[in-house]
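The structure file start.cif is reproduced below (mmCIF, N, CA and C atoms).
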```
data_my_file
loop_
_atom_site.label_atom_id
_atom_site.label_comp_id
_atom_site.auth_asym_id
_atom_site.auth_seq_id
_atom_site.Cartn_x
_atom_site.Cartn_y
_atom_site.Cartn_z
N GLN A 1 26.12 -7.31 -13.18
CA GLN A 1 25.33 -6.20 -13.69
C GLN A 1 24.14 -6.75 -14.45
N VAL A 2 23.03 -6.01 -14.40
CA VAL A 2 21.80 -6.43 -15.04
C VAL A 2 21.36 -5.34 -16.02
N GLN A 3 20.80 -5.76 -17.14
CA GLN A 3 20.20 -4.85 -18.10
C GLN A 3 18.68 -5.04 -18.07
N LEU A 4 17.96 -3.93 -18.12
CA LEU A 4 16.51 -3.95 -17.99
C LEU A 4 15.85 -3.34 -19.21
N VAL A 5 14.83 -4.02 -19.74
CA VAL A 5 14.09 -3.50 -20.90
C VAL A 5 12.61 -3.60 -20.61
N GLU A 6 11.95 -2.44 -20.60
CA GLU A 6 10.50 -2.40 -20.36
C GLU A 6 9.73 -2.52 -21.66
N SER A 7 8.51 -3.04 -21.56
CA SER A 7 7.59 -3.11 -22.69
C SER A 7 6.18 -3.18 -22.16
N GLY A 8 5.22 -3.03 -23.06
CA GLY A 8 3.83 -3.18 -22.68
C GLY A 8 3.05 -1.90 -22.52
N GLY A 9 3.74 -0.77 -22.65
CA GLY A 9 3.03 0.50 -22.55
C GLY A 9 2.15 0.74 -23.76
N GLY A 10 1.33 1.77 -23.66
CA GLY A 10 0.46 2.11 -24.77
C GLY A 10 -0.62 3.07 -24.35
N LEU A 11 -1.63 3.19 -25.21
CA LEU A 11 -2.76 4.08 -24.97
C LEU A 11 -3.95 3.24 -24.54
N VAL A 12 -4.59 3.63 -23.45
CA VAL A 12 -5.73 2.89 -22.93
C VAL A 12 -6.75 3.89 -22.38
N GLN A 13 -8.01 3.52 -22.42
CA GLN A 13 -9.05 4.39 -21.86
C GLN A 13 -9.08 4.25 -20.34
N ALA A 14 -9.55 5.30 -19.70
CA ALA A 14 -9.71 5.26 -18.25
C ALA A 14 -10.59 4.08 -17.86
N GLY A 15 -10.18 3.40 -16.80
CA GLY A 15 -10.87 2.20 -16.36
C GLY A 15 -10.31 0.92 -16.94
N GLY A 16 -9.45 1.05 -17.93
CA GLY A 16 -8.87 -0.11 -18.57
C GLY A 16 -7.66 -0.65 -17.83
N SER A 17 -7.01 -1.63 -18.47
CA SER A 17 -5.87 -2.31 -17.86
C SER A 17 -4.72 -2.42 -18.84
N LEU A 18 -3.51 -2.48 -18.28
CA LEU A 18 -2.30 -2.76 -19.03
C LEU A 18 -1.38 -3.59 -18.16
N ARG A 19 -0.56 -4.40 -18.79
CA ARG A 19 0.48 -5.11 -18.06
C ARG A 19 1.84 -4.73 -18.64
N LEU A 20 2.67 -4.15 -17.80
CA LEU A 20 4.02 -3.81 -18.19
C LEU A 20 4.96 -4.96 -17.86
N SER A 21 5.95 -5.14 -18.71
CA SER A 21 6.96 -6.16 -18.48
C SER A 21 8.33 -5.51 -18.39
N CYS A 22 9.18 -6.09 -17.58
CA CYS A 22 10.56 -5.65 -17.44
C CYS A 22 11.43 -6.91 -17.59
N ALA A 23 12.02 -7.05 -18.76
CA ALA A 23 12.86 -8.22 -19.03
C ALA A 23 14.29 -7.93 -18.62
N ALA A 24 14.85 -8.81 -17.84
CA ALA A 24 16.22 -8.63 -17.34
C ALA A 24 17.18 -9.57 -18.05
N SER A 25 18.37 -9.08 -18.29
CA SER A 25 19.43 -9.92 -18.85
C SER A 25 20.73 -9.62 -18.10
N GLY A 26 21.60 -10.59 -18.10
CA GLY A 26 22.87 -10.42 -17.42
C GLY A 26 22.90 -11.14 -16.09
N ARG A 27 21.84 -11.03 -15.33
CA ARG A 27 21.73 -11.75 -14.06
C ARG A 27 20.26 -12.03 -13.79
N THR A 28 19.98 -12.95 -12.91
CA THR A 28 18.61 -13.32 -12.59
C THR A 28 17.95 -12.24 -11.73
N VAL A 29 16.67 -11.98 -12.02
CA VAL A 29 15.96 -10.95 -11.27
C VAL A 29 15.79 -11.31 -9.80
N SER A 30 15.87 -12.61 -9.49
CA SER A 30 15.70 -13.02 -8.10
C SER A 30 16.87 -12.58 -7.22
N ALA A 31 17.93 -12.08 -7.84
CA ALA A 31 19.07 -11.58 -7.08
C ALA A 31 18.92 -10.11 -6.73
N TYR A 32 17.82 -9.47 -7.17
CA TYR A 32 17.66 -8.03 -7.05
C TYR A 32 16.37 -7.65 -6.35
N VAL A 33 16.42 -6.53 -5.69
CA VAL A 33 15.20 -5.80 -5.36
C VAL A 33 14.74 -5.16 -6.66
N MET A 34 13.47 -5.31 -6.99
CA MET A 34 12.94 -4.76 -8.24
C MET A 34 11.87 -3.72 -7.94
N GLY A 35 11.92 -2.65 -8.71
CA GLY A 35 10.95 -1.58 -8.49
C GLY A 35 10.42 -1.03 -9.80
N TRP A 36 9.26 -0.39 -9.70
CA TRP A 36 8.68 0.37 -10.80
C TRP A 36 8.51 1.81 -10.33
N PHE A 37 8.93 2.72 -11.18
CA PHE A 37 8.75 4.15 -10.94
C PHE A 37 8.07 4.74 -12.16
N ARG A 38 7.56 5.97 -12.03
CA ARG A 38 6.96 6.64 -13.16
C ARG A 38 7.27 8.12 -13.12
N GLN A 39 7.26 8.72 -14.29
CA GLN A 39 7.52 10.15 -14.39
C GLN A 39 6.57 10.78 -15.39
N ALA A 40 5.74 11.67 -14.90
CA ALA A 40 4.81 12.42 -15.74
C ALA A 40 5.50 13.70 -16.21
N PRO A 41 5.02 14.27 -17.32
CA PRO A 41 5.65 15.51 -17.82
C PRO A 41 5.67 16.61 -16.77
N GLY A 42 6.84 17.20 -16.57
CA GLY A 42 6.98 18.29 -15.64
C GLY A 42 7.03 17.89 -14.18
N LYS A 43 7.05 16.59 -13.92
CA LYS A 43 7.06 16.11 -12.53
C LYS A 43 8.30 15.25 -12.28
N GLU A 44 8.60 15.05 -11.01
CA GLU A 44 9.72 14.20 -10.65
C GLU A 44 9.33 12.73 -10.78
N ARG A 45 10.34 11.90 -10.93
CA ARG A 45 10.10 10.47 -10.98
C ARG A 45 9.64 10.00 -9.61
N GLU A 46 8.55 9.23 -9.59
CA GLU A 46 7.98 8.80 -8.32
C GLU A 46 7.84 7.29 -8.25
N PHE A 47 7.87 6.82 -7.03
CA PHE A 47 7.76 5.39 -6.75
C PHE A 47 6.36 4.88 -7.06
N VAL A 48 6.29 3.66 -7.61
CA VAL A 48 5.01 3.02 -7.88
C VAL A 48 4.88 1.72 -7.09
N ALA A 49 5.85 0.81 -7.26
CA ALA A 49 5.76 -0.50 -6.60
C ALA A 49 7.15 -1.12 -6.52
N ALA A 50 7.31 -2.05 -5.57
CA ALA A 50 8.59 -2.75 -5.42
C ALA A 50 8.36 -4.15 -4.90
N LEU A 51 9.36 -4.98 -5.15
CA LEU A 51 9.33 -6.38 -4.75
C LEU A 51 10.68 -6.71 -4.14
N ASN A 52 10.69 -7.32 -2.95
CA ASN A 52 11.98 -7.61 -2.34
C ASN A 52 12.66 -8.80 -3.04
N ARG A 53 13.88 -9.09 -2.66
CA ARG A 53 14.66 -10.09 -3.39
C ARG A 53 14.06 -11.49 -3.28
N SER A 54 13.47 -11.83 -2.16
CA SER A 54 12.88 -13.15 -2.02
C SER A 54 11.58 -13.27 -2.80
N GLY A 55 10.99 -12.12 -3.12
CA GLY A 55 9.71 -12.13 -3.80
C GLY A 55 8.53 -12.26 -2.85
N ALA A 56 8.82 -12.29 -1.55
CA ALA A 56 7.76 -12.51 -0.57
C ALA A 56 7.05 -11.24 -0.16
N SER A 57 7.68 -10.09 -0.36
CA SER A 57 7.09 -8.83 0.10
C SER A 57 6.97 -7.83 -1.05
N THR A 58 5.84 -7.15 -1.08
CA THR A 58 5.60 -6.12 -2.08
C THR A 58 5.26 -4.81 -1.39
N TYR A 59 5.54 -3.72 -2.08
CA TYR A 59 5.31 -2.38 -1.54
C TYR A 59 4.71 -1.53 -2.65
N TYR A 60 3.78 -0.66 -2.26
CA TYR A 60 3.07 0.15 -3.25
C TYR A 60 2.93 1.59 -2.77
N ALA A 61 2.92 2.49 -3.75
CA ALA A 61 2.54 3.86 -3.45
C ALA A 61 1.05 3.89 -3.12
N ASP A 62 0.65 4.78 -2.26
CA ASP A 62 -0.76 4.87 -1.87
C ASP A 62 -1.65 5.11 -3.08
N SER A 63 -1.15 5.84 -4.07
CA SER A 63 -1.96 6.21 -5.22
C SER A 63 -2.32 5.02 -6.11
N VAL A 64 -1.58 3.91 -5.97
CA VAL A 64 -1.85 2.75 -6.84
C VAL A 64 -2.26 1.52 -6.05
N LYS A 65 -2.26 1.61 -4.74
CA LYS A 65 -2.58 0.45 -3.90
C LYS A 65 -3.98 -0.04 -4.21
N GLY A 66 -4.12 -1.34 -4.41
CA GLY A 66 -5.40 -1.93 -4.73
C GLY A 66 -5.70 -1.96 -6.21
N ARG A 67 -4.92 -1.25 -7.02
CA ARG A 67 -5.14 -1.22 -8.48
C ARG A 67 -3.99 -1.86 -9.24
N PHE A 68 -2.76 -1.71 -8.74
CA PHE A 68 -1.56 -2.22 -9.40
C PHE A 68 -1.02 -3.41 -8.63
N THR A 69 -0.40 -4.35 -9.37
CA THR A 69 0.23 -5.50 -8.74
C THR A 69 1.59 -5.76 -9.38
N ILE A 70 2.62 -5.85 -8.56
CA ILE A 70 3.95 -6.20 -9.05
C ILE A 70 4.17 -7.68 -8.82
N SER A 71 4.78 -8.33 -9.80
CA SER A 71 5.05 -9.76 -9.68
C SER A 71 6.31 -10.11 -10.45
N ARG A 72 6.76 -11.35 -10.27
CA ARG A 72 8.02 -11.76 -10.89
C ARG A 72 7.88 -13.18 -11.41
N ASP A 73 8.43 -13.45 -12.59
CA ASP A 73 8.48 -14.79 -13.15
C ASP A 73 9.96 -15.14 -13.29
N ASN A 74 10.45 -15.96 -12.37
CA ASN A 74 11.88 -16.29 -12.39
C ASN A 74 12.28 -17.06 -13.64
N ALA A 75 11.40 -17.90 -14.13
CA ALA A 75 11.72 -18.70 -15.31
C ALA A 75 11.91 -17.81 -16.54
N LYS A 76 11.16 -16.72 -16.60
CA LYS A 76 11.27 -15.80 -17.72
C LYS A 76 12.19 -14.63 -17.41
N ASN A 77 12.69 -14.60 -16.19
CA ASN A 77 13.56 -13.51 -15.76
C ASN A 77 12.94 -12.14 -16.03
N THR A 78 11.68 -12.05 -15.67
CA THR A 78 10.88 -10.86 -15.99
C THR A 78 10.06 -10.44 -14.78
N VAL A 79 9.95 -9.14 -14.62
CA VAL A 79 9.09 -8.54 -13.59
C VAL A 79 7.93 -7.85 -14.30
N TYR A 80 6.75 -7.94 -13.70
CA TYR A 80 5.55 -7.37 -14.30
C TYR A 80 4.93 -6.31 -13.40
N LEU A 81 4.19 -5.43 -14.02
CA LEU A 81 3.34 -4.50 -13.30
C LEU A 81 1.97 -4.56 -13.95
N GLN A 82 1.04 -5.23 -13.28
CA GLN A 82 -0.34 -5.29 -13.74
C GLN A 82 -1.06 -4.05 -13.25
N MET A 83 -1.62 -3.29 -14.18
CA MET A 83 -2.27 -2.04 -13.83
C MET A 83 -3.75 -2.12 -14.22
N ASN A 84 -4.61 -2.05 -13.24
CA ASN A 84 -6.05 -2.10 -13.46
C ASN A 84 -6.70 -0.78 -13.05
N SER A 85 -7.93 -0.59 -13.50
CA SER A 85 -8.68 0.62 -13.15
C SER A 85 -7.85 1.88 -13.38
N LEU A 86 -7.26 1.95 -14.54
CA LEU A 86 -6.35 3.06 -14.84
C LEU A 86 -7.08 4.39 -14.87
N LYS A 87 -6.37 5.43 -14.43
CA LYS A 87 -6.89 6.78 -14.37
C LYS A 87 -6.01 7.69 -15.24
N ALA A 88 -6.55 8.83 -15.61
CA ALA A 88 -5.79 9.77 -16.42
C ALA A 88 -4.49 10.17 -15.71
N GLU A 89 -4.54 10.26 -14.39
CA GLU A 89 -3.35 10.66 -13.63
C GLU A 89 -2.28 9.57 -13.57
N ASP A 90 -2.57 8.39 -14.11
CA ASP A 90 -1.54 7.35 -14.22
C ASP A 90 -0.67 7.54 -15.46
N THR A 91 -1.03 8.49 -16.30
CA THR A 91 -0.25 8.75 -17.51
C THR A 91 1.17 9.19 -17.15
N ALA A 92 2.15 8.46 -17.70
CA ALA A 92 3.56 8.74 -17.38
C ALA A 92 4.44 7.78 -18.18
N VAL A 93 5.72 8.04 -18.13
CA VAL A 93 6.70 7.05 -18.57
C VAL A 93 7.02 6.17 -17.36
N TYR A 94 6.91 4.88 -17.54
CA TYR A 94 7.13 3.93 -16.45
C TYR A 94 8.51 3.29 -16.61
N TYR A 95 9.26 3.28 -15.51
CA TYR A 95 10.61 2.77 -15.50
C TYR A 95 10.74 1.58 -14.55
N CYS A 96 11.49 0.60 -14.99
CA CYS A 96 11.85 -0.53 -14.16
C CYS A 96 13.22 -0.25 -13.54
N ALA A 97 13.41 -0.66 -12.29
CA ALA A 97 14.66 -0.41 -11.60
C ALA A 97 15.07 -1.62 -10.78
N ALA A 98 16.37 -1.74 -10.52
CA ALA A 98 16.88 -2.88 -9.77
C ALA A 98 17.98 -2.46 -8.81
N ARG A 99 18.07 -3.19 -7.72
CA ARG A 99 19.11 -2.95 -6.71
C ARG A 99 19.66 -4.30 -6.28
N ALA A 100 20.99 -4.42 -6.29
CA ALA A 100 21.61 -5.71 -5.99
C ALA A 100 21.59 -6.03 -4.50
N ARG A 101 21.74 -5.02 -3.64
CA ARG A 101 21.78 -5.29 -2.21
C ARG A 101 20.39 -5.18 -1.60
N ALA A 102 20.19 -5.89 -0.51
CA ALA A 102 18.92 -5.82 0.20
C ALA A 102 18.72 -4.41 0.75
N MET A 103 17.47 -3.98 0.82
CA MET A 103 17.17 -2.67 1.39
C MET A 103 17.40 -2.70 2.90
N ILE A 104 17.92 -1.60 3.42
CA ILE A 104 18.17 -1.51 4.86
C ILE A 104 16.87 -1.30 5.61
N SER A 105 15.96 -0.52 5.03
CA SER A 105 14.69 -0.27 5.70
C SER A 105 13.58 -0.22 4.66
N ILE A 106 12.36 -0.41 5.12
CA ILE A 106 11.22 -0.43 4.22
C ILE A 106 11.08 0.90 3.49
N SER A 107 11.40 1.97 4.17
CA SER A 107 11.24 3.29 3.57
C SER A 107 12.13 3.47 2.34
N ASN A 108 13.20 2.71 2.24
CA ASN A 108 14.11 2.85 1.11
C ASN A 108 13.56 2.31 -0.19
N TYR A 109 12.54 1.45 -0.11
CA TYR A 109 11.98 0.89 -1.33
C TYR A 109 11.42 1.98 -2.23
N GLY A 110 10.97 3.05 -1.65
CA GLY A 110 10.37 4.12 -2.41
C GLY A 110 11.33 5.21 -2.87
N ARG A 111 12.60 5.07 -2.56
CA ARG A 111 13.58 6.10 -2.90
C ARG A 111 14.29 5.72 -4.20
N ARG A 112 14.18 6.56 -5.21
CA ARG A 112 14.81 6.22 -6.49
C ARG A 112 16.33 6.16 -6.37
N GLU A 113 16.89 6.91 -5.40
CA GLU A 113 18.35 6.90 -5.23
C GLU A 113 18.86 5.55 -4.74
N ALA A 114 17.96 4.71 -4.22
CA ALA A 114 18.37 3.41 -3.68
C ALA A 114 18.58 2.37 -4.77
N TYR A 115 18.15 2.68 -6.00
CA TYR A 115 18.24 1.71 -7.09
C TYR A 115 19.44 2.01 -7.97
N GLU A 116 20.10 0.93 -8.41
CA GLU A 116 21.36 1.08 -9.15
C GLU A 116 21.20 0.97 -10.66
N TYR A 117 20.20 0.24 -11.10
CA TYR A 117 20.04 -0.03 -12.52
C TYR A 117 18.64 0.39 -12.97
N TRP A 118 18.59 0.93 -14.18
CA TRP A 118 17.33 1.45 -14.71
C TRP A 118 17.14 1.06 -16.16
N GLY A 119 15.88 0.84 -16.53
CA GLY A 119 15.55 0.65 -17.92
C GLY A 119 15.32 1.99 -18.59
N GLN A 120 14.96 1.94 -19.87
CA GLN A 120 14.76 3.16 -20.66
C GLN A 120 13.35 3.72 -20.54
N GLY A 121 12.44 2.93 -20.05
CA GLY A 121 11.08 3.41 -19.83
C GLY A 121 10.12 3.03 -20.94
N THR A 122 8.84 2.98 -20.60
CA THR A 122 7.77 2.73 -21.56
C THR A 122 6.63 3.68 -21.26
N GLN A 123 6.06 4.27 -22.31
CA GLN A 123 5.03 5.29 -22.15
C GLN A 123 3.67 4.65 -21.91
N VAL A 124 2.97 5.14 -20.91
CA VAL A 124 1.59 4.75 -20.64
C VAL A 124 0.74 6.02 -20.71
N THR A 125 -0.27 5.99 -21.56
CA THR A 125 -1.17 7.13 -21.71
C THR A 125 -2.59 6.66 -21.47
N VAL A 126 -3.26 7.29 -20.51
CA VAL A 126 -4.64 6.94 -20.16
C VAL A 126 -5.53 8.09 -20.58
N SER A 127 -6.46 7.82 -21.46
CA SER A 127 -7.37 8.86 -21.94
C SER A 127 -8.63 8.86 -21.10
N SER A 128 -9.09 10.06 -20.79
CA SER A 128 -10.29 10.18 -19.94
C SER A 128 -11.54 10.38 -20.78
#
```

Render the structure in this file as structure tokens.
Amino acid sequence: QVQLVESGGGLVQAGGSLRLSCAASGRTVSAYVMGWFRQAPGKEREFVAALNRSGASTYYADSVKGRFTISRDNAKNTVYLQMNSLKAEDTAVYYCAARARAMISISNYGRREAYEYWGQGTQVTVSS
């Protein structure tokens, strides 16, 4: 079992950048599919980005493609979400998620039901 703790959220102006961190304990992140999701007030939790277990493949929601980058530091047992060119619509609570088994299909990376472990979330607020 893995425990996940997010950090790095905050208030930033539109066009700015933030880097979120997801620190894992209990097991190494390289044993998991890792994902980032977000939930805005009054909306469902939605997929943002994911990284497969080998770290060789990344997946992004269309709304963040080209602006956000997911990465992993095995030595620090941490997954990151670099967010650039932030927009007001990126405002949400961002959650880190993990899945121990490999995904059966690419489409599953974006399904929150496919992930077994979740962090508590970190708030990101983008002012316009």

Atom-to-atom span, CA of Ala98 in chain A and atom N of Glu116 in chain A, Å: 5.2 Å

Exercise: Gly66 in chain A partners within 8 Å, all atoms listed in the file, chain neighbours under 5 positions left out, as a PyMOL selection string: chain A and resi 60-61+84-85

Between atom C of Leu18 in chain A and atom N of Ala100 in chain A - distance in Å to one decimal: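 The value is 25.3 Å.
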
Explicit residues for the PyMOL selection byres (((chain A and resi 47 and name CA) around 10) and name CA) (as number ranges by chain): A: 35-39, 44-46, 48-50, 59-64, 94-95, 109-112

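You will find atom C of Val5 in chain A at 24.0 Å from atom C of Met103 in chain A.
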
Closest of A:Ala97, A:Ile70, A:Leu11, A:Ala92 to Trp118 in chain A - atom-to-atom distances counting all atoms listed in the file: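 For Trp118 in chain A, the nearest of the candidates is A:Ala97.
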
Those of chain A in DSSP strand (DSSP E or B), formatted as a CSV table (one decimal) with N, CA and C atoms, in the frame of the given file:
```
chain,number,residue,atom,x,y,z
A,3,GLN,N,20.8,-5.8,-17.1
A,3,GLN,CA,20.2,-4.8,-18.1
A,3,GLN,C,18.7,-5.0,-18.1
A,4,LEU,N,18.0,-3.9,-18.1
A,4,LEU,CA,16.5,-4.0,-18.0
A,4,LEU,C,15.8,-3.3,-19.2
A,5,VAL,N,14.8,-4.0,-19.7
A,5,VAL,CA,14.1,-3.5,-20.9
A,5,VAL,C,12.6,-3.6,-20.6
A,6,GLU,N,12.0,-2.4,-20.6
A,6,GLU,CA,10.5,-2.4,-20.4
A,6,GLU,C,9.7,-2.5,-21.7
A,7,SER,N,8.5,-3.0,-21.6
A,7,SER,CA,7.6,-3.1,-22.7
A,7,SER,C,6.2,-3.2,-22.2
A,10,GLY,N,1.3,1.8,-23.7
A,10,GLY,CA,0.5,2.1,-24.8
A,10,GLY,C,-0.6,3.1,-24.4
A,11,LEU,N,-1.6,3.2,-25.2
A,11,LEU,CA,-2.8,4.1,-25.0
A,11,LEU,C,-4.0,3.2,-24.5
A,12,VAL,N,-4.6,3.6,-23.4
A,12,VAL,CA,-5.7,2.9,-22.9
A,12,VAL,C,-6.8,3.9,-22.4
A,13,GLN,N,-8.0,3.5,-22.4
A,13,GLN,CA,-9.0,4.4,-21.9
A,13,GLN,C,-9.1,4.2,-20.3
A,18,LEU,N,-3.5,-2.5,-18.3
A,18,LEU,CA,-2.3,-2.8,-19.0
A,18,LEU,C,-1.4,-3.6,-18.2
A,19,ARG,N,-0.6,-4.4,-18.8
A,19,ARG,CA,0.5,-5.1,-18.1
A,19,ARG,C,1.8,-4.7,-18.6
A,20,LEU,N,2.7,-4.2,-17.8
A,20,LEU,CA,4.0,-3.8,-18.2
A,20,LEU,C,5.0,-5.0,-17.9
A,21,SER,N,6.0,-5.1,-18.7
A,21,SER,CA,7.0,-6.2,-18.5
A,21,SER,C,8.3,-5.5,-18.4
A,22,CYS,N,9.2,-6.1,-17.6
A,22,CYS,CA,10.6,-5.6,-17.4
A,22,CYS,C,11.4,-6.9,-17.6
A,23,ALA,N,12.0,-7.0,-18.8
A,23,ALA,CA,12.9,-8.2,-19.0
A,23,ALA,C,14.3,-7.9,-18.6
A,24,ALA,N,14.8,-8.8,-17.8
A,24,ALA,CA,16.2,-8.6,-17.3
A,24,ALA,C,17.2,-9.6,-18.0
A,25,SER,N,18.4,-9.1,-18.3
A,25,SER,CA,19.4,-9.9,-18.8
A,25,SER,C,20.7,-9.6,-18.1
A,33,VAL,N,16.4,-6.5,-5.7
A,33,VAL,CA,15.2,-5.8,-5.4
A,33,VAL,C,14.7,-5.2,-6.7
A,34,MET,N,13.5,-5.3,-7.0
A,34,MET,CA,12.9,-4.8,-8.2
A,34,MET,C,11.9,-3.7,-7.9
A,35,GLY,N,11.9,-2.6,-8.7
A,35,GLY,CA,11.0,-1.6,-8.5
A,35,GLY,C,10.4,-1.0,-9.8
A,36,TRP,N,9.3,-0.4,-9.7
A,36,TRP,CA,8.7,0.4,-10.8
A,36,TRP,C,8.5,1.8,-10.3
A,37,PHE,N,8.9,2.7,-11.2
A,37,PHE,CA,8.8,4.2,-10.9
A,37,PHE,C,8.1,4.7,-12.2
A,38,ARG,N,7.6,6.0,-12.0
A,38,ARG,CA,7.0,6.6,-13.2
A,38,ARG,C,7.3,8.1,-13.1
A,39,GLN,N,7.3,8.7,-14.3
A,39,GLN,CA,7.5,10.2,-14.4
A,39,GLN,C,6.6,10.8,-15.4
A,46,GLU,N,8.6,9.2,-9.6
A,46,GLU,CA,8.0,8.8,-8.3
A,46,GLU,C,7.8,7.3,-8.2
A,47,PHE,N,7.9,6.8,-7.0
A,47,PHE,CA,7.8,5.4,-6.8
A,47,PHE,C,6.4,4.9,-7.1
A,48,VAL,N,6.3,3.7,-7.6
A,48,VAL,CA,5.0,3.0,-7.9
A,48,VAL,C,4.9,1.7,-7.1
A,49,ALA,N,5.8,0.8,-7.3
A,49,ALA,CA,5.8,-0.5,-6.6
A,49,ALA,C,7.2,-1.1,-6.5
A,50,ALA,N,7.3,-2.0,-5.6
A,50,ALA,CA,8.6,-2.8,-5.4
A,50,ALA,C,8.4,-4.2,-4.9
A,51,LEU,N,9.4,-5.0,-5.2
A,51,LEU,CA,9.3,-6.4,-4.8
A,51,LEU,C,10.7,-6.7,-4.1
A,58,THR,N,5.8,-7.2,-1.1
A,58,THR,CA,5.6,-6.1,-2.1
A,58,THR,C,5.3,-4.8,-1.4
A,59,TYR,N,5.5,-3.7,-2.1
A,59,TYR,CA,5.3,-2.4,-1.5
A,59,TYR,C,4.7,-1.5,-2.6
A,60,TYR,N,3.8,-0.7,-2.3
A,60,TYR,CA,3.1,0.2,-3.2
A,60,TYR,C,2.9,1.6,-2.8
A,68,PHE,N,-2.8,-1.7,-8.7
A,68,PHE,CA,-1.6,-2.2,-9.4
A,68,PHE,C,-1.0,-3.4,-8.6
A,69,THR,N,-0.4,-4.4,-9.4
A,69,THR,CA,0.2,-5.5,-8.7
A,69,THR,C,1.6,-5.8,-9.4
A,70,ILE,N,2.6,-5.8,-8.6
A,70,ILE,CA,4.0,-6.2,-9.0
A,70,ILE,C,4.2,-7.7,-8.8
A,71,SER,N,4.8,-8.3,-9.8
A,71,SER,CA,5.0,-9.8,-9.7
A,71,SER,C,6.3,-10.1,-10.4
A,72,ARG,N,6.8,-11.4,-10.3
A,72,ARG,CA,8.0,-11.8,-10.9
A,72,ARG,C,7.9,-13.2,-11.4
A,73,ASP,N,8.4,-13.4,-12.6
A,73,ASP,CA,8.5,-14.8,-13.2
A,73,ASP,C,10.0,-15.1,-13.3
A,78,THR,N,11.7,-12.0,-15.7
A,78,THR,CA,10.9,-10.9,-16.0
A,78,THR,C,10.1,-10.4,-14.8
A,79,VAL,N,10.0,-9.1,-14.6
A,79,VAL,CA,9.1,-8.5,-13.6
A,79,VAL,C,7.9,-7.8,-14.3
A,80,TYR,N,6.8,-7.9,-13.7
A,80,TYR,CA,5.6,-7.4,-14.3
A,80,TYR,C,4.9,-6.3,-13.4
A,81,LEU,N,4.2,-5.4,-14.0
A,81,LEU,CA,3.3,-4.5,-13.3
A,81,LEU,C,2.0,-4.6,-14.0
A,82,GLN,N,1.0,-5.2,-13.3
A,82,GLN,CA,-0.3,-5.3,-13.7
A,82,GLN,C,-1.1,-4.0,-13.2
A,83,MET,N,-1.6,-3.3,-14.2
A,83,MET,CA,-2.3,-2.0,-13.8
A,83,MET,C,-3.8,-2.1,-14.2
A,92,ALA,N,2.2,8.5,-17.7
A,92,ALA,CA,3.6,8.7,-17.4
A,92,ALA,C,4.4,7.8,-18.2
A,93,VAL,N,5.7,8.0,-18.1
A,93,VAL,CA,6.7,7.0,-18.6
A,93,VAL,C,7.0,6.2,-17.4
A,94,TYR,N,6.9,4.9,-17.5
A,94,TYR,CA,7.1,3.9,-16.4
A,94,TYR,C,8.5,3.3,-16.6
A,95,TYR,N,9.3,3.3,-15.5
A,95,TYR,CA,10.6,2.8,-15.5
A,95,TYR,C,10.7,1.6,-14.6
A,96,CYS,N,11.5,0.6,-15.0
A,96,CYS,CA,11.8,-0.5,-14.2
A,96,CYS,C,13.2,-0.2,-13.5
A,97,ALA,N,13.4,-0.7,-12.3
A,97,ALA,CA,14.7,-0.4,-11.6
A,97,ALA,C,15.1,-1.6,-10.8
A,98,ALA,N,16.4,-1.7,-10.5
A,98,ALA,CA,16.9,-2.9,-9.8
A,98,ALA,C,18.0,-2.5,-8.8
A,99,ARG,N,18.1,-3.2,-7.7
A,99,ARG,CA,19.1,-3.0,-6.7
A,99,ARG,C,19.7,-4.3,-6.3
A,117,TYR,N,20.2,0.2,-11.1
A,117,TYR,CA,20.0,0.0,-12.5
A,117,TYR,C,18.6,0.4,-13.0
A,118,TRP,N,18.6,0.9,-14.2
A,118,TRP,CA,17.3,1.4,-14.7
A,118,TRP,C,17.1,1.1,-16.2
A,122,THR,N,8.8,3.0,-20.6
A,122,THR,CA,7.8,2.7,-21.6
A,122,THR,C,6.6,3.7,-21.3
A,123,GLN,N,6.1,4.3,-22.3
A,123,GLN,CA,5.0,5.3,-22.2
A,123,GLN,C,3.7,4.6,-21.9
A,124,VAL,N,3.0,5.1,-20.9
A,124,VAL,CA,1.6,4.8,-20.6
A,124,VAL,C,0.7,6.0,-20.7
A,125,THR,N,-0.3,6.0,-21.6
A,125,THR,CA,-1.2,7.1,-21.7
A,125,THR,C,-2.6,6.7,-21.5
A,126,VAL,N,-3.3,7.3,-20.5
A,126,VAL,CA,-4.6,6.9,-20.2
A,126,VAL,C,-5.5,8.1,-20.6
A,127,SER,N,-6.5,7.8,-21.5
A,127,SER,CA,-7.4,8.9,-21.9
A,127,SER,C,-8.6,8.9,-21.1
```

Using only C-alpha atoms: which of A:Ser71, A:Thr78, A:Pro41, A:Val33 has the shortest distance to Ser54 in chain A: A:Val33

I'd like the box whose edges run along x, y and z of the file and which contains every listed atom of range 19-26 of chain A, padded by 5 Å per side; could you state its centre and edge lengths in Å, one decimal, as lines of an AutoDock Vina configuration file?
```
center_x = 11.2
center_y = -7.5
center_z = -17.6
size_x = 33.5
size_y = 17.3
size_z = 12.9
```

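Distance check against Ala88 in chain A using all atoms listed in the file: of A:Thr28, A:Gln120, A:Gln13, A:Thr69, the minimum falls on A:Gln13.
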
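For the residues A:Arg27, A:Ser128, A:Gly121, A:Ala102, ranking by smallest atom-to-atom distance to Gly15 in chain A using only C-alpha atoms places A:Ser128 first.
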
Nearest to Leu4 in chain A, chosen from A:Cys96, A:Met34, A:Ala114, A:Val124, with all atoms listed in the file counted in the distances: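 With all atoms listed in the file as the atom set, the closest residue is A:Cys96.
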
A:Cys22, A:Ala40, A:Ala75, A:Leu51 ranked by distance to Val93 in chain A, top pick (using only C-alpha atoms): A:Ala40

Spatial neighbours of Val126 in chain A, 8 Å, only C-alpha atoms, chain gap at least 6 places, as a PyMOL selection string: chain A and resi 11-14+86-91
